[in-house]
Structures are given as structure tokens and as C-alpha cells.
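Pasted below: start04.txt, compact mmCIF, C-alpha atoms.
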# COMPACT_ATOMS: atom_id res chain seq x y z
CA MET Z 30 10.74 -27.37 3.70
CA ARG Z 31 11.43 -25.11 6.67
CA ARG Z 32 13.28 -21.83 6.18
CA HIS Z 33 15.16 -19.78 8.75
CA VAL Z 34 14.40 -16.07 8.89
CA LEU Z 35 15.74 -13.50 11.33
CA ILE Z 36 12.87 -11.72 13.10
CA SER Z 37 13.65 -9.10 15.72
CA GLY Z 38 16.91 -10.79 16.63
CA ALA Z 39 15.41 -14.26 17.16
CA ARG Z 40 15.67 -17.24 14.80
CA ARG Z 41 12.24 -18.49 13.78
CA PRO Z 42 12.50 -21.75 11.85
CA ASP Z 43 8.76 -21.78 11.14
CA MET Z 44 8.54 -18.45 9.26
CA TYR Z 45 8.77 -17.54 5.57
CA ALA Z 46 9.96 -14.37 3.85
CA ILE Z 47 9.39 -12.48 0.61
CA LYS Z 48 12.61 -10.90 -0.65
CA HIS Z 49 13.24 -8.63 -3.62
CA ARG Z 50 16.10 -6.34 -4.65
CA LEU Z 51 15.99 -3.67 -7.33
CA ALA Z 52 18.06 -0.74 -8.53
CA ILE Z 53 16.57 2.73 -8.88
CA ARG Z 54 18.37 5.59 -10.61
CA SER Z 55 17.87 8.17 -7.88
CA THR Z 56 19.19 9.32 -4.54
CA PRO Z 57 18.47 7.61 -1.24
CA THR Z 58 16.75 10.84 -0.13
CA GLU Z 59 14.18 10.69 -2.94
CA ILE Z 60 13.60 6.96 -2.57
CA PHE Z 61 13.24 7.24 1.21
CA LYS Z 62 10.47 9.83 0.72
CA ALA Z 63 8.71 7.43 -1.67
CA ILE Z 64 8.85 4.48 0.74
CA SER Z 65 8.26 6.22 4.06
CA HIS Z 66 5.88 9.17 3.54
CA PRO Z 67 2.17 8.95 2.72
CA GLU Z 68 2.49 11.03 -0.47
CA GLY Z 69 5.12 8.66 -1.82
CA LEU Z 70 3.37 5.47 -0.77
CA ASN Z 71 0.11 6.68 -2.33
CA ALA Z 72 1.90 7.20 -5.66
CA TRP Z 73 2.81 3.53 -6.11
CA TRP Z 74 1.20 1.27 -3.46
CA THR Z 75 -1.69 2.47 -1.29
CA LYS Z 76 -4.96 4.16 -2.18
CA TYR Z 77 -4.52 6.34 0.90
CA CYS Z 78 -2.08 6.32 3.74
CA GLU Z 79 -1.32 8.26 6.89
CA GLY Z 80 1.58 8.10 9.27
CA HIS Z 81 5.00 9.48 10.10
CA PRO Z 82 8.34 7.69 9.67
CA VAL Z 83 9.15 7.80 13.39
CA VAL Z 84 9.78 4.76 15.56
CA GLY Z 85 6.70 4.02 17.65
CA SER Z 86 4.24 5.76 15.35
CA THR Z 87 1.42 3.95 13.58
CA PHE Z 88 0.71 3.98 9.86
CA VAL Z 89 -2.71 3.37 8.34
CA PHE Z 90 -2.60 1.80 4.87
CA GLY Z 91 -5.86 2.08 2.96
CA PHE Z 92 -6.89 -0.04 -0.01
CA THR Z 93 -10.12 -0.61 -1.93
CA GLY Z 94 -12.88 -2.83 -0.62
CA GLY Z 95 -12.76 -1.27 2.83
CA PHE Z 96 -9.35 -2.75 3.62
CA GLU Z 97 -7.55 -0.53 6.09
CA TRP Z 98 -4.48 -2.03 7.70
CA THR Z 99 -2.31 -0.66 10.47
CA ALA Z 100 1.37 -1.13 11.16
CA ASP Z 101 3.74 0.24 13.77
CA VAL Z 102 7.05 1.75 12.72
CA THR Z 103 9.64 -0.45 14.44
CA ALA Z 104 12.85 0.95 12.92
CA VAL Z 105 13.90 4.00 10.90
CA ASP Z 106 17.25 5.24 9.67
CA PRO Z 107 16.48 8.29 7.48
CA GLN Z 108 17.69 7.90 3.90
CA ARG Z 109 18.62 4.26 4.62
CA MET Z 110 15.78 2.12 6.00
CA ILE Z 111 12.23 1.86 7.32
CA GLU Z 112 10.48 -1.09 8.94
CA TRP Z 113 6.90 -1.71 10.00
CA ARG Z 114 5.19 -4.55 11.89
CA PHE Z 115 1.57 -5.09 10.82
CA THR Z 116 -0.77 -5.03 13.80
CA ASP Z 117 -4.17 -5.18 12.06
CA ALA Z 118 -4.40 -6.63 8.56
CA GLU Z 119 -5.34 -9.80 6.73
CA PRO Z 120 -4.63 -12.77 9.03
CA ASP Z 121 -1.57 -13.83 6.99
CA TRP Z 122 -0.13 -10.29 7.18
CA THR Z 123 -0.84 -9.54 10.85
CA GLY Z 124 2.41 -9.83 12.76
CA THR Z 125 4.57 -9.75 9.65
CA ARG Z 126 7.41 -7.28 9.23
CA LEU Z 127 7.96 -5.12 6.14
CA ARG Z 128 11.45 -3.64 5.78
CA MET Z 129 13.10 -1.66 2.98
CA GLU Z 130 16.80 -0.84 3.09
CA LEU Z 131 18.68 1.48 0.73
CA THR Z 132 22.32 1.22 -0.37
CA THR Z 133 24.13 3.26 -3.02
CA GLU Z 134 26.24 1.66 -5.73
CA GLY Z 135 27.52 4.08 -8.37
CA GLN Z 136 24.63 6.10 -9.85
CA GLU Z 137 21.99 3.72 -8.53
CA THR Z 138 20.39 3.14 -5.20
CA TRP Z 139 19.47 -0.46 -4.42
CA VAL Z 140 16.29 -1.23 -2.53
CA SER Z 141 16.46 -4.44 -0.51
CA PHE Z 142 12.89 -5.44 0.25
CA LEU Z 143 11.93 -7.91 2.98
CA HIS Z 144 8.43 -8.95 4.05
CA ASP Z 145 8.97 -11.65 6.64
CA GLY Z 146 7.19 -13.47 9.40
CA TRP Z 147 4.77 -15.36 7.16
CA ALA Z 148 3.51 -18.48 8.91
CA ALA Z 149 3.00 -20.49 5.71
CA ASP Z 150 4.20 -20.79 2.16
CA ASN Z 151 0.60 -20.72 0.97
CA ALA Z 152 -1.26 -19.23 -2.01
CA HIS Z 153 -1.58 -15.83 -0.29
CA PHE Z 154 2.17 -15.76 0.40
CA ARG Z 155 2.94 -16.50 -3.26
CA HIS Z 156 0.38 -14.00 -4.52
CA SER Z 157 1.78 -11.31 -2.23
CA SER Z 158 5.31 -12.01 -3.46
CA PHE Z 159 4.17 -11.56 -7.06
CA CYS Z 160 2.26 -8.37 -6.19
CA TRP Z 161 5.24 -6.92 -4.33
CA ALA Z 162 7.40 -7.39 -7.43
CA GLN Z 163 4.81 -5.48 -9.46
CA TYR Z 164 4.48 -2.69 -6.90
CA LEU Z 165 8.26 -2.31 -6.62
CA ARG Z 166 8.39 -1.75 -10.38
CA LEU Z 167 5.79 1.00 -9.89
CA LEU Z 168 7.97 2.48 -7.13
CA ARG Z 169 10.89 2.63 -9.56
CA ARG Z 170 8.75 4.30 -12.24
CA TRP Z 171 7.45 6.87 -9.75
CA VAL Z 172 10.90 7.78 -8.43
CA GLU Z 173 12.76 7.73 -11.75
CA ASP Z 174 10.31 9.60 -13.97
CA GLY Z 175 7.33 10.65 -11.87
CA SER Z 176 4.89 8.36 -13.66
CA THR Z 177 2.10 6.74 -11.74
CA LEU Z 178 -0.98 4.70 -12.49
CA PRO Z 179 -4.44 5.25 -11.06
CA TYR Z 180 -4.81 3.05 -7.99
CA GLU Z 181 -7.39 0.80 -9.68
CA GLU Z 182 -4.92 -0.11 -12.48
CA ARG Z 183 -1.85 -0.89 -10.37
CA SER Z 184 -2.52 -4.57 -9.74
CA ARG Z 185 -2.64 -5.17 -13.52
CA ALA Z 186 0.54 -3.23 -14.37
Represent the supplied structure as C-alpha cells.
Amino acid sequence: MRRHVLISGARRPDMYAIKHRLAIRSTPTEIFKAISHPEGLNAWWTKYCEGHPVVGSTFVFGFTGGFEWTADVTAVDPQRMIEWRFTDAEPDWTGTRLRMELTTEGQETWVSFLHDGWAADNAHFRHSSFCWAQYLRLLRRWVEDGSTLPYEERSRA
């Protein structure tokens, strides 16, 4: 089955996307810090991270096992959205786009998560989708009550 995904304004019928949406009881300002600044990302996703949420800058995302991936910031709207394109990562991730958009509804802010540009609906794609759901729950915990898990325990949360 082929799926259509919008990538940088062009229709790509051969690409796949991971999509999630979750509500967080916090302000867009607090959530934006958690999804776009190294201190926030390190609290729920990465082991270490460096970068600035400015279009054209490069982020380094560090994980265990010597994995260090890079991604360029391709779009930013402070308090509303950030997007990266992975330039050096696992082969399935290289070239993919990670985007998080924030919208407010009542007392909650909704995070619309998109990781698109996957070439195949393979085991790594499915595993990454599952892991993203877990990590997004950790994001919510971090923003709502400040709780975090040691990096080594996050994939089992």
C-alpha cells in the first residue's frame, strides 16, 4: 500500500509517516522549551543534545552506543512549531523530517507529532513509531510534573 505524505511542499507517494497527537496540561511556551532546547530534549528523549532552535542551525542528538545523529533546523515558529531534517543518522532516519506543532484548546496544549519521509514501512519504521509514543508520554510527564527517568530506563517506560 502506498501512502501520500507532504514533504517540503512536494507530494511523495513513496514515503511513509509516523504521526501522533497528545494533549499536555501546560502552556505552549513551556512545551516549546521541552521540544526545542537541549535541556528539555535531554529530560525526555536524548542522552545529550546541543543546538539552537534557529532555522539553518544544526542539532546534535546523542544516544548510547556511540550513536550521535545530526539534523538541521528547517522551520521554527516560537511557541508553535519546530522541524528538523536528519542529515546524519541511521540509514532509515537520514533524510527524514521530524516536526512538532503546538495548538491550544482550553487548558491543554496539543502536540501534533510528525516524523515523515520514511522510505519503507519496515520493522525499524514500526519500532520507531512505538518508541515515539513512549517518548511522547515521557515528554508529557516532564512538562506536567517535572518527572523524568534516567536515560537508560526510558525505552522501557
Let me make sure I understand: among Z:Gln108, Z:Ser157, Z:Thr133, Z:Thr123, which one has the smallest atom-to-atom distance to Z:Ser184 if we use all atoms listed in the file?
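Once distances to Z:Ser184 are computed over all atoms listed in the file, the minimum belongs to Z:Ser157.
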Option closest in space to Z:Pro120, from Z:Trp161, Z:Asp106, Z:Phe92, Z:His153 [counting only C-alpha atoms]
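Smallest distance to Z:Pro120 is found for Z:His153.
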Using all atoms listed in the file - which residues lie no farther than 12 Å from the point (-10.2, 0.9, 4.0) in the file's frame? Write them as a compact mmCIF listing (two decimals) with C-alpha atoms, in the frame of the given file.
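Result went into out.txt, see below:
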# COMPACT_ATOMS: atom_id res chain seq x y z
CA THR Z 75 -1.69 2.47 -1.29
CA LYS Z 76 -4.96 4.16 -2.18
CA TYR Z 77 -4.52 6.34 0.90
CA CYS Z 78 -2.08 6.32 3.74
CA GLU Z 79 -1.32 8.26 6.89
CA VAL Z 89 -2.71 3.37 8.34
CA PHE Z 90 -2.60 1.80 4.87
CA GLY Z 91 -5.86 2.08 2.96
CA PHE Z 92 -6.89 -0.04 -0.01
CA THR Z 93 -10.12 -0.61 -1.93
CA GLY Z 94 -12.88 -2.83 -0.62
CA GLY Z 95 -12.76 -1.27 2.83
CA PHE Z 96 -9.35 -2.75 3.62
CA GLU Z 97 -7.55 -0.53 6.09
CA TRP Z 98 -4.48 -2.03 7.70
CA THR Z 99 -2.31 -0.66 10.47
CA ASP Z 117 -4.17 -5.18 12.06
CA ALA Z 118 -4.40 -6.63 8.56
Mind pulling up the distance from atom CA of Z:Phe142 to atom CA of Z:Lys62?
15.5 Å
Could you check which of Z:Thr116, Z:Trp73, Z:Leu131, Z:Thr125 is closest to Z:His144, using only C-alpha atoms?
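Looking only at the distances to Z:His144, the closest residue turns out to be Z:Thr125.
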What lies within 9 Å of Z:Ser65 using all atoms listed in the file, ignoring chain neighbours under 4 positions off, as a ChimeraX atom specification?
/Z:60-61,69-70,80-82,110-111
Atom pair atom CA of Z:Ser176 + atom CA of Z:Ile64, distance 15.4 Å
Excluding Z:Phe159 and residues on its chain fewer than 3 positions from it, collect all residues at most 12 Å away from it, counting only C-alpha atoms, and give them as a ChimeraX atom specification.
/Z:47-49,152-156,162-166,184-186
Between atom CA of Z:Arg114 and atom CA of Z:Trp74, distance in Å (one decimal):
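Interatomic distance here is 16.9 Å.
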In terms of the shortest atom-to-atom distance over all atoms listed in the file, which of Z:Thr56, Z:Asn71, Z:Gln136, Z:Ser141 is closest to Z:Leu167?
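Of the candidates, the smallest distance to Z:Leu167 is held by Z:Asn71.
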Given all atoms listed in the file as the counted atoms, nearest of Z:Thr132, Z:Ile53, Z:Glu59, Z:Glu112 to Z:Val83
Z:Glu112
